[in-house]
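entry.txt (compact mmCIF, C-alpha atoms)
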```txt
# COMPACT_ATOMS: atom_id res chain seq x y z
CA MET T 24 23.99 7.68 -10.35
CA GLY T 25 20.91 5.50 -10.63
CA THR T 26 18.26 5.20 -13.29
CA ILE T 27 15.11 6.82 -11.99
CA VAL T 28 11.48 7.02 -13.06
CA ASP T 29 10.04 10.24 -11.61
CA ILE T 30 6.42 10.80 -12.61
CA THR T 31 3.05 12.11 -11.45
CA THR T 32 -0.03 9.88 -11.56
CA SER T 33 -3.68 10.19 -10.66
CA LEU T 34 -4.92 8.12 -7.73
CA ASP T 35 -6.40 5.71 -10.27
CA GLY T 36 -3.00 5.30 -11.88
CA PHE T 37 -3.10 7.43 -15.03
CA VAL T 38 -0.31 9.65 -16.37
CA ALA T 39 -2.63 11.15 -18.99
CA GLY T 40 -6.38 11.43 -19.43
CA PRO T 41 -8.43 10.14 -22.36
CA ASN T 42 -8.34 11.57 -25.91
CA PRO T 43 -4.97 13.34 -26.05
CA THR T 44 -4.53 15.88 -28.85
CA LEU T 45 -1.72 18.15 -29.95
CA GLU T 46 -3.39 21.05 -28.14
CA ASP T 47 -4.02 18.92 -25.08
CA PRO T 48 -1.28 16.27 -25.08
CA LEU T 49 -2.11 15.10 -21.54
CA GLY T 50 -5.69 14.27 -22.50
CA GLU T 51 -8.90 15.36 -20.84
CA GLY T 52 -8.21 16.41 -17.26
CA GLY T 53 -4.55 15.46 -17.57
CA GLU T 54 -3.22 18.98 -17.02
CA ARG T 55 -4.57 18.81 -13.47
CA LEU T 56 -2.00 16.12 -12.66
CA HIS T 57 0.81 18.67 -12.86
CA GLU T 58 -0.78 21.63 -11.09
CA TRP T 59 1.18 20.85 -7.93
CA ALA T 60 4.48 21.00 -9.87
CA VAL T 61 3.64 23.96 -12.10
CA ALA T 62 3.06 26.05 -8.96
CA LEU T 63 6.64 25.52 -7.74
CA GLU T 64 9.40 28.09 -8.10
CA ALA T 65 11.86 25.44 -9.33
CA TRP T 66 9.47 24.31 -12.07
CA ARG T 67 8.84 27.88 -13.20
CA GLU T 68 12.55 28.71 -13.31
CA ARG T 69 13.15 25.61 -15.40
CA HIS T 70 10.49 26.73 -17.84
CA GLY T 71 11.74 30.32 -18.04
CA MET T 72 9.04 31.78 -15.80
CA GLU T 73 9.24 33.85 -12.63
CA GLY T 74 7.60 33.49 -9.23
CA GLY T 75 6.12 30.34 -7.76
CA GLU T 76 6.23 28.62 -4.39
CA ALA T 77 9.64 28.42 -2.71
CA SER T 78 8.57 25.32 -0.78
CA ALA T 79 10.11 22.02 0.27
CA ASP T 80 8.61 20.52 -2.89
CA SER T 81 10.34 23.19 -4.94
CA GLU T 82 13.69 22.33 -3.33
CA ARG T 83 13.13 18.62 -3.95
CA LEU T 84 12.30 19.29 -7.58
CA ARG T 85 15.41 21.45 -7.98
CA GLU T 86 17.62 18.78 -6.42
CA SER T 87 16.06 16.10 -8.59
CA VAL T 88 16.61 17.96 -11.88
CA ASP T 89 20.09 19.11 -10.86
CA ALA T 90 20.99 15.48 -10.16
CA THR T 91 19.77 14.32 -13.57
CA GLY T 92 22.50 14.09 -16.22
CA ALA T 93 20.52 12.58 -19.08
CA VAL T 94 16.91 11.79 -19.95
CA VAL T 95 15.19 8.90 -21.78
CA MET T 96 11.74 9.38 -23.31
CA GLY T 97 9.42 7.87 -25.88
CA ARG T 98 8.73 9.47 -29.21
CA ARG T 99 5.23 10.52 -28.24
CA MET T 100 6.45 12.41 -25.23
CA PHE T 101 9.00 14.07 -27.48
CA SER T 102 6.42 15.02 -30.08
CA GLY T 103 3.55 15.93 -27.77
CA GLY T 104 1.12 13.18 -28.68
CA GLN T 105 0.16 11.63 -31.95
CA GLY T 106 0.19 14.81 -33.98
CA PRO T 107 3.28 16.28 -35.53
CA TRP T 108 5.56 13.28 -35.36
CA ASP T 109 3.19 10.99 -37.20
CA ALA T 110 2.62 13.72 -39.78
CA ASP T 111 6.30 14.68 -40.05
CA PRO T 112 8.87 12.44 -38.37
CA ASN T 113 11.46 15.22 -38.71
CA ALA T 114 9.33 17.69 -36.79
CA ASP T 115 11.10 19.48 -34.02
CA GLY T 116 9.33 18.09 -31.00
CA TRP T 117 6.83 19.64 -28.67
CA TRP T 118 9.21 21.36 -26.27
CA GLY T 119 10.30 24.43 -28.26
CA ASP T 120 13.74 25.94 -28.77
CA ASP T 121 14.64 26.08 -25.08
CA PRO T 122 13.39 22.78 -23.67
CA PRO T 123 13.23 22.29 -19.89
CA PHE T 124 15.45 19.19 -19.87
CA ARG T 125 18.84 21.01 -20.00
CA ALA T 126 20.59 17.68 -20.56
CA PRO T 127 21.06 15.13 -23.35
CA VAL T 128 17.73 13.46 -24.17
CA PHE T 129 17.59 9.99 -25.73
CA ILE T 130 14.37 9.31 -27.63
CA VAL T 131 13.22 5.74 -28.25
CA THR T 132 11.85 5.69 -31.80
CA SER T 133 11.80 3.64 -34.97
CA HIS T 134 12.73 6.64 -37.14
CA PRO T 135 16.51 7.25 -37.52
CA ARG T 136 17.62 10.86 -37.45
CA GLY T 137 20.73 12.86 -36.55
CA THR T 138 21.25 14.43 -33.13
CA VAL T 139 19.64 17.86 -32.71
CA ALA T 140 21.12 20.48 -30.35
CA LYS T 141 18.83 22.93 -28.59
CA GLU T 142 19.37 25.86 -26.26
CA GLY T 143 20.18 25.53 -22.58
CA GLY T 144 22.02 22.21 -22.74
CA THR T 145 19.28 20.05 -24.24
CA SER T 146 20.16 17.77 -27.15
CA TYR T 147 17.98 15.15 -28.81
CA THR T 148 19.50 11.82 -29.81
CA PHE T 149 17.22 9.37 -31.62
CA VAL T 150 17.70 5.74 -30.62
CA THR T 151 16.29 3.11 -32.95
CA ASP T 152 17.51 -0.07 -31.23
CA GLY T 153 15.29 -0.03 -28.18
CA VAL T 154 14.97 1.22 -24.63
CA GLU T 155 17.95 -0.77 -23.33
CA SER T 156 20.23 0.99 -25.79
CA ALA T 157 18.67 4.37 -24.95
CA VAL T 158 19.30 3.85 -21.22
CA ARG T 159 22.88 2.68 -21.89
CA GLN T 160 23.63 5.75 -24.00
CA ALA T 161 21.98 7.99 -21.41
CA ARG T 162 24.06 6.38 -18.66
CA GLU T 163 27.27 7.21 -20.56
CA ALA T 164 26.11 10.79 -21.11
CA ALA T 165 25.03 11.23 -17.47
CA GLY T 166 28.45 10.55 -15.98
CA GLU T 167 28.15 10.70 -12.19
CA LYS T 168 24.56 11.95 -12.36
CA ASN T 169 21.23 10.10 -12.61
CA VAL T 170 19.42 8.97 -15.73
CA GLY T 171 15.78 10.08 -15.71
CA VAL T 172 13.26 7.90 -17.55
CA SER T 173 10.63 10.56 -18.13
CA GLY T 174 7.86 8.74 -19.99
CA GLY T 175 5.55 7.98 -21.54
CA ALA T 176 4.05 5.03 -19.78
CA ASN T 177 5.15 2.58 -22.45
CA VAL T 178 8.84 3.45 -22.19
CA VAL T 179 8.62 3.39 -18.39
CA GLN T 180 7.07 -0.09 -18.47
CA GLN T 181 9.66 -1.38 -20.93
CA ALA T 182 12.50 0.00 -18.82
CA ILE T 183 11.14 -1.49 -15.58
CA LYS T 184 10.50 -4.89 -17.18
CA ALA T 185 14.00 -4.94 -18.66
CA GLY T 186 15.44 -4.43 -15.16
CA LEU T 187 16.92 -1.05 -16.11
CA VAL T 188 15.27 1.06 -13.39
CA ASP T 189 16.69 1.41 -9.88
CA GLU T 190 14.12 3.73 -8.35
CA LEU T 191 10.49 4.67 -8.93
CA ARG T 192 9.38 8.08 -7.62
CA LEU T 193 5.63 8.41 -7.81
CA HIS T 194 3.89 11.69 -7.15
CA LEU T 195 0.38 10.60 -6.33
CA THR T 196 -2.33 13.23 -6.78
CA PRO T 197 -5.82 12.80 -5.32
CA ILE T 198 -7.34 13.05 -8.80
CA LEU T 199 -9.51 10.39 -10.43
CA LEU T 200 -9.28 10.56 -14.24
CA GLY T 201 -11.41 7.48 -14.90
CA SER T 202 -9.58 6.52 -18.08
CA GLY T 203 -6.49 7.39 -20.08
CA THR T 204 -2.91 6.07 -20.11
CA ARG T 205 -1.99 3.87 -17.16
CA LEU T 206 1.52 3.98 -15.78
CA LEU T 207 1.75 0.64 -13.97
CA ASP T 208 0.28 -1.72 -16.52
CA ASP T 209 1.24 -5.35 -17.00
CA LEU T 210 4.07 -5.19 -14.44
CA GLY T 211 3.10 -8.27 -12.42
CA GLY T 212 6.10 -9.99 -10.85
CA VAL T 213 8.19 -6.84 -10.48
CA GLU T 214 9.24 -6.49 -6.84
CA LEU T 215 9.34 -3.09 -5.17
CA GLU T 216 10.48 -1.93 -1.76
CA ARG T 217 9.02 1.33 -0.50
CA THR T 218 11.86 3.56 0.70
CA ALA T 219 10.20 6.93 1.40
CA VAL T 220 6.82 8.59 1.86
CA ILE T 221 6.52 12.39 1.88
CA ASP T 222 3.17 14.04 2.48
CA SER T 223 3.06 17.40 0.67
CA PRO T 224 0.10 19.70 0.15
CA GLY T 225 -1.91 18.27 -2.72
CA VAL T 226 0.41 15.38 -3.55
CA THR T 227 1.93 12.32 -1.87
CA HIS T 228 5.50 11.44 -2.86
CA LEU T 229 6.21 7.70 -2.75
CA THR T 230 9.66 6.32 -3.50
CA PHE T 231 10.34 2.67 -4.26
CA ARG T 232 13.50 0.70 -4.92
CA VAL T 233 13.07 -1.74 -7.80
CA VAL T 234 14.40 -5.10 -6.62
CA ASN T 235 16.13 -6.44 -9.72
CA MET S 16 -20.99 8.10 11.70
CA GLY S 17 -19.83 8.25 8.11
CA THR S 18 -19.90 5.73 5.32
CA ILE S 19 -16.36 4.50 4.77
CA VAL S 20 -14.56 2.41 2.18
CA ASP S 21 -11.55 0.83 3.90
CA ILE S 22 -9.57 -1.44 1.60
CA THR S 23 -6.09 -2.63 0.65
CA THR S 24 -4.82 -2.32 -2.91
CA SER S 25 -1.67 -3.12 -4.80
CA LEU S 26 0.40 -0.18 -6.08
CA ASP S 27 -1.07 -0.87 -9.51
CA GLY S 28 -4.57 -0.55 -8.09
CA PHE S 29 -5.86 -4.11 -7.72
CA VAL S 30 -7.86 -5.53 -4.81
CA ALA S 31 -7.51 -9.08 -6.16
CA GLY S 32 -5.17 -10.82 -8.56
CA PRO S 33 -6.13 -12.68 -11.73
CA ASN S 34 -8.02 -16.01 -11.86
CA PRO S 35 -9.79 -16.10 -8.48
CA THR S 36 -11.05 -19.51 -7.36
CA LEU S 37 -12.92 -20.79 -4.32
CA GLU S 38 -9.62 -21.99 -2.84
CA ASP S 39 -7.92 -18.72 -3.74
CA PRO S 40 -10.67 -16.08 -3.75
CA LEU S 41 -8.20 -13.19 -3.94
CA GLY S 42 -6.69 -14.53 -7.16
CA GLU S 43 -3.06 -15.19 -7.99
CA GLY S 44 -0.83 -13.21 -5.66
CA GLY S 45 -3.82 -11.54 -4.01
CA GLU S 46 -3.17 -13.02 -0.55
CA ARG S 47 0.00 -10.93 -0.40
CA LEU S 48 -2.10 -7.77 -0.29
CA HIS S 49 -3.28 -8.60 3.22
CA GLU S 50 -0.05 -9.86 4.78
CA TRP S 51 0.43 -6.53 6.54
CA ALA S 52 -3.02 -6.84 8.17
CA VAL S 53 -2.92 -10.56 8.93
CA ALA S 54 0.23 -9.98 10.99
CA LEU S 55 -1.57 -7.60 13.36
CA GLU S 56 -2.78 -8.56 16.82
CA ALA S 57 -6.15 -6.86 16.22
CA TRP S 58 -6.70 -8.80 12.98
CA ARG S 59 -5.82 -12.10 14.66
CA GLU S 60 -8.11 -11.46 17.62
CA ARG S 61 -10.93 -10.68 15.24
CA HIS S 62 -10.36 -13.97 13.45
CA GLY S 63 -10.12 -16.04 16.67
CA MET S 64 -6.33 -16.36 16.61
CA GLU S 65 -3.68 -15.47 19.18
CA GLY S 66 -0.47 -13.45 18.94
CA GLY S 67 0.43 -10.91 16.31
CA GLU S 68 1.96 -7.46 16.30
CA ALA S 69 0.68 -5.02 18.94
CA SER S 70 1.64 -2.06 16.75
CA ALA S 71 0.18 1.33 15.86
CA ASP S 72 -1.39 -0.35 12.81
CA SER S 73 -3.02 -2.90 15.12
CA GLU S 74 -4.50 -0.12 17.25
CA ARG S 75 -5.77 1.68 14.15
CA LEU S 76 -7.39 -1.52 12.88
CA ARG S 77 -8.99 -2.14 16.26
CA GLU S 78 -10.38 1.39 16.39
CA SER S 79 -11.65 1.13 12.84
CA VAL S 80 -13.54 -2.12 13.39
CA ASP S 81 -14.84 -0.99 16.79
CA ALA S 82 -16.22 2.15 15.12
CA THR S 83 -18.03 0.13 12.43
CA GLY S 84 -21.68 -0.60 13.20
CA ALA S 85 -22.74 -2.23 9.94
CA VAL S 86 -21.15 -3.54 6.75
CA VAL S 87 -22.14 -3.49 3.07
CA MET S 88 -20.66 -6.01 0.63
CA GLY S 89 -21.26 -7.59 -2.74
CA ARG S 90 -22.43 -11.14 -3.20
CA ARG S 91 -19.06 -12.32 -4.45
CA MET S 92 -17.29 -11.07 -1.38
CA PHE S 93 -19.94 -12.82 0.68
CA SER S 94 -19.57 -16.09 -1.21
CA GLY S 95 -15.81 -16.04 -1.71
CA GLY S 96 -15.71 -15.66 -5.47
CA GLN S 97 -17.70 -17.25 -8.21
CA GLY S 98 -17.94 -20.69 -6.70
CA PRO S 99 -20.56 -21.65 -4.15
CA TRP S 100 -23.00 -18.84 -4.66
CA ASP S 101 -23.36 -19.40 -8.37
CA ALA S 102 -23.76 -23.13 -7.72
CA ASP S 103 -26.10 -22.69 -4.75
CA PRO S 104 -27.44 -19.20 -4.05
CA ASN S 105 -28.49 -20.37 -0.59
CA ALA S 106 -24.99 -21.41 0.34
CA ASP S 107 -23.78 -20.10 3.63
CA GLY S 108 -21.10 -17.70 2.52
CA TRP S 109 -17.36 -17.95 2.67
CA TRP S 110 -16.84 -16.64 6.17
CA GLY S 111 -17.81 -19.60 8.38
CA ASP S 112 -19.98 -19.79 11.49
CA ASP S 113 -18.12 -17.05 13.37
CA PRO S 114 -17.47 -14.36 10.75
CA PRO S 115 -15.06 -11.53 11.55
CA PHE S 116 -17.59 -8.75 10.88
CA ARG S 117 -19.36 -8.88 14.30
CA ALA S 118 -22.01 -6.52 12.98
CA PRO S 119 -25.03 -6.63 10.66
CA VAL S 120 -23.88 -7.23 7.07
CA PHE S 121 -25.98 -6.08 4.10
CA ILE S 122 -25.28 -8.03 0.91
CA VAL S 123 -26.11 -6.52 -2.48
CA THR S 124 -27.50 -9.38 -4.56
CA SER S 125 -30.24 -10.24 -7.02
CA HIS S 126 -31.27 -13.35 -5.07
CA PRO S 127 -33.86 -12.72 -2.32
CA ARG S 128 -33.37 -14.63 0.91
CA GLY S 129 -34.21 -14.27 4.60
CA THR S 130 -31.78 -12.78 7.11
CA VAL S 131 -29.27 -15.27 8.55
CA ALA S 132 -27.84 -14.84 12.07
CA LYS S 133 -24.31 -16.00 12.80
CA GLU S 134 -22.16 -16.12 15.93
CA GLY S 135 -20.41 -13.11 17.42
CA GLY S 136 -22.88 -10.46 16.31
CA THR S 137 -22.75 -11.00 12.55
CA SER S 138 -26.01 -11.22 10.63
CA TYR S 139 -26.51 -11.40 6.88
CA THR S 140 -29.33 -9.41 5.28
CA PHE S 141 -29.78 -9.83 1.52
CA VAL S 142 -30.69 -6.63 -0.31
CA THR S 143 -32.13 -6.98 -3.79
CA ASP S 144 -32.90 -3.34 -4.59
CA GLY S 145 -29.38 -2.03 -5.03
CA VAL S 146 -26.44 -0.53 -3.23
CA GLU S 147 -28.27 2.66 -2.22
CA SER S 148 -30.83 0.60 -0.33
CA ALA S 149 -28.08 -1.53 1.23
CA VAL S 150 -26.23 1.55 2.49
CA ARG S 151 -29.48 3.06 3.81
CA GLN S 152 -30.35 -0.12 5.72
CA ALA S 153 -26.78 -0.36 7.02
CA ARG S 154 -26.93 3.27 8.17
CA GLU S 155 -30.07 2.52 10.21
CA ALA S 156 -28.44 -0.57 11.71
CA ALA S 157 -25.17 1.25 12.49
CA GLY S 158 -26.76 3.89 14.75
CA GLU S 159 -24.00 6.26 15.90
CA LYS S 160 -21.27 4.12 14.33
CA ASN S 161 -19.81 4.04 10.81
CA VAL S 162 -21.00 2.01 7.84
CA GLY S 163 -18.16 0.08 6.23
CA VAL S 164 -18.40 -0.61 2.50
CA SER S 165 -16.10 -3.63 2.40
CA GLY S 166 -16.06 -4.67 -1.25
CA GLY S 167 -15.73 -6.00 -3.77
CA ALA S 168 -14.59 -3.38 -6.21
CA ASN S 169 -17.90 -3.25 -8.04
CA VAL S 170 -19.94 -2.39 -4.95
CA VAL S 171 -17.33 0.18 -3.90
CA GLN S 172 -17.51 1.85 -7.31
CA GLN S 173 -21.31 1.88 -7.30
CA ALA S 174 -21.37 3.38 -3.81
CA ILE S 175 -18.83 6.11 -4.66
CA LYS S 176 -20.59 6.99 -7.92
CA ALA S 177 -23.94 7.21 -6.15
CA GLY S 178 -22.45 9.75 -3.72
CA LEU S 179 -22.94 7.42 -0.75
CA VAL S 180 -19.33 7.34 0.49
CA ASP S 181 -17.87 9.98 2.81
CA GLU S 182 -14.35 8.66 3.20
CA LEU S 183 -11.96 6.43 1.28
CA ARG S 184 -9.21 4.75 3.31
CA LEU S 185 -6.70 3.13 1.00
CA HIS S 186 -3.98 0.86 2.33
CA LEU S 187 -1.44 0.94 -0.47
CA THR S 188 0.99 -1.98 -0.58
CA PRO S 189 4.17 -1.88 -2.70
CA ILE S 190 3.00 -4.94 -4.65
CA LEU S 191 2.49 -5.07 -8.42
CA LEU S 192 -0.10 -7.69 -9.36
CA GLY S 193 -0.12 -6.87 -13.08
CA SER S 194 -3.76 -7.79 -13.57
CA GLY S 195 -6.88 -8.69 -11.59
CA THR S 196 -9.75 -6.64 -10.17
CA ARG S 197 -9.19 -2.88 -10.10
CA LEU S 198 -10.63 -0.83 -7.28
CA LEU S 199 -10.72 2.65 -8.82
CA ASP S 200 -12.18 1.94 -12.23
CA ASP S 201 -14.37 4.28 -14.21
CA LEU S 202 -14.57 6.89 -11.43
CA GLY S 203 -13.61 9.92 -13.53
CA GLY S 204 -15.18 13.12 -12.22
CA VAL S 205 -15.31 12.05 -8.59
CA GLU S 206 -13.51 14.67 -6.48
CA LEU S 207 -11.34 13.64 -3.55
CA GLU S 208 -9.48 15.59 -0.92
CA ARG S 209 -6.57 13.86 0.75
CA THR S 210 -6.95 14.18 4.52
CA ALA S 211 -4.23 11.91 5.96
CA VAL S 212 -1.09 10.00 5.04
CA ILE S 213 0.41 7.46 7.44
CA ASP S 214 3.61 5.67 6.57
CA SER S 215 3.63 2.23 8.22
CA PRO S 216 6.07 -0.64 7.67
CA GLY S 217 5.07 -2.34 4.44
CA VAL S 218 1.98 -0.25 3.74
CA THR S 219 1.02 3.40 3.18
CA HIS S 220 -2.34 4.50 4.58
CA LEU S 221 -4.01 7.23 2.54
CA THR S 222 -7.29 8.78 3.62
CA PHE S 223 -9.49 10.86 1.32
CA ARG S 224 -12.70 12.76 1.83
CA VAL S 225 -15.13 12.23 -1.03
CA VAL S 226 -16.39 15.66 -2.08
CA ASN S 227 -20.05 15.00 -2.82
```

Show this structure as structure tokens.
Amino acid sequence: MGTIVDITTSLDGFVAGPNPTLEDPLGEGGERLHEWAVALEAWRERHGMEGGEASADSERLRESVDATGAVVMGRRMFSGGQGPWDADPNADGWWGDDPPFRAPVFIVTSHPRGTVAKEGGTSYTFVTDGVESAVRQAREAAGEKNVGVSGGANVVQQAIKAGLVDELRLHLTPILLGSGTRLLDDLGGVELERTAVIDSPGVTHLTFRVVN
Amino acid sequence: MGTIVDITTSLDGFVAGPNPTLEDPLGEGGERLHEWAVALEAWRERHGMEGGEASADSERLRESVDATGAVVMGRRMFSGGQGPWDADPNADGWWGDDPPFRAPVFIVTSHPRGTVAKEGGTSYTFVTDGVESAVRQAREAAGEKNVGVSGGANVVQQAIKAGLVDELRLHLTPILLGSGTRLLDDLGGVELERTAVIDSPGVTHLTFRVVN
């Protein structure tokens, strides 16, 4: 029942490429980051699709999502970039009527709004008093399960700096994006201990304990 | 007989911390990057010291340096930061009378100067017509052995962008420096293929083929 950041980055440290748009919320080249995951059976199931690779990575992904009882994210990850949220702060988010989270999601935002229930176990709760409050509320909702801090980079950085994160799971792809949104920015002084390395086809999984 | 970048970075992608000085050429916190290597028997031998760990990492380091027939570096790596070179472009470099390279070193610089011979097989040749020329001269000097592009980050980036590098060997430490000199900057569009992952105590070795 830890609080876990589980995220894919390029080898040069980006979680999204440059110039994100509503059509292309991961920026130029950013979709490539997730090709390894999108190919997995467990990912496809979660997104209402059939087929995919029934590999060790798929099992790990399934275990990881099954062990997650609540999710924290930033308002841009919720809204899919700058677009709809800035235009309409009551817009419904980027993830459709049957979002893949299947758990309570706590969104760090400055715009107050009532909780929204979606299909499949996802609900959206809007938290206006900061990431610490969002993680605390997610912890209560998660019970014996983990809290997943999903992104974007800014919320991840805030959570790590505030000492709220127990474990960092990086999925390192051999992609160079050149520019975009960096995950590990301005985190000097944070101490990590590497606890696992798994070498999968196309991606290297690195797990770190955050020494708080 | 490839051209190889072999370098240690922090998890957030830095090869040196902020505010490098002549006394502290790797910047604040930067010395920590190399603790894993400094502890090795092969590193200590190379630097005229006794003892150290006779580990698998030590053997790998020994093989890597034995397989290197010539070295390319930037003028700041040669001079140990901004200090002596900017003050006196004929200064003798940061690495003493018995440098650890034990091979011909080709220094990318704008300041012409005659070749300098040092003890133990190291010589310094100053190349004023760019990194491509430096790698070409190093290739001739290396014979059947590898060319090592040692740093700093700027020379590494120039060499990768110019399509001169065959292999990138990253030694990833679980350190977060927060700021400093980034290795993989502005390299969008370069294609890599991961060819090896080795999980050592305190460091993860990742090897990539550069797809030119």

How close does stretch 79-184 of chain S get to stretch 186-206 of chain T? List, as a Markdown table, each residue of stretch 79-184 of chain S within 12 Å, its nearest atom pair and the distance in Å to one decimal, counting all atoms listed in the file.
```
| residue | atom | partner | partner_atom | distance |
| --- | --- | --- | --- | --- |
| S:Gln172 | CA | T:Gly201 | CA | 11.2 |
| S:Ile175 | CA | T:Leu199 | CA | 11.8 |
| S:Lys176 | CA | T:Gly201 | CA | 11.5 |
| S:Leu183 | CA | T:Pro197 | CA | 11.0 |
```

One residue among T:Leu56, T:Leu45, T:Val178, T:Leu34 is nearest to chain S when using all atoms listed in the file, and that residue is T:Leu34

Give me, as a compact mmCIF listing (two decimals) with C-alpha atoms, in the coordinates of the input, the residues of chain T touching chain S, with the criterion being at most 7 Å (counting only C-alpha atoms).
```txt
# COMPACT_ATOMS: atom_id res chain seq x y z
CA ASP T 35 -6.40 5.71 -10.27
CA GLY T 36 -3.00 5.30 -11.88
CA PRO T 197 -5.82 12.80 -5.32
CA ILE T 198 -7.34 13.05 -8.80
CA LEU T 199 -9.51 10.39 -10.43
CA LEU T 200 -9.28 10.56 -14.24
CA GLY T 201 -11.41 7.48 -14.90
CA SER T 202 -9.58 6.52 -18.08
CA LEU T 207 1.75 0.64 -13.97
CA ASP T 208 0.28 -1.72 -16.52
CA ASP T 209 1.24 -5.35 -17.00
CA LEU T 210 4.07 -5.19 -14.44
CA GLY T 211 3.10 -8.27 -12.42
CA GLY T 212 6.10 -9.99 -10.85
CA VAL T 213 8.19 -6.84 -10.48
CA GLU T 214 9.24 -6.49 -6.84
CA LEU T 215 9.34 -3.09 -5.17
CA GLU T 216 10.48 -1.93 -1.76
CA ARG T 217 9.02 1.33 -0.50
CA VAL T 220 6.82 8.59 1.86
CA ASP T 222 3.17 14.04 2.48
```

Pick from T:Asn42, T:Glu51, T:Asp29, T:Glu142 nearest to T:Leu84, counting only C-alpha atoms: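 So, comparing all the options, the nearest one is T:Asp29.
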
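Using all atoms listed in the file, the smallest distance between any of T:Ala161, T:Ala126, T:Val139, T:Ala65 and T:Glu86 comes from T:Ala65.
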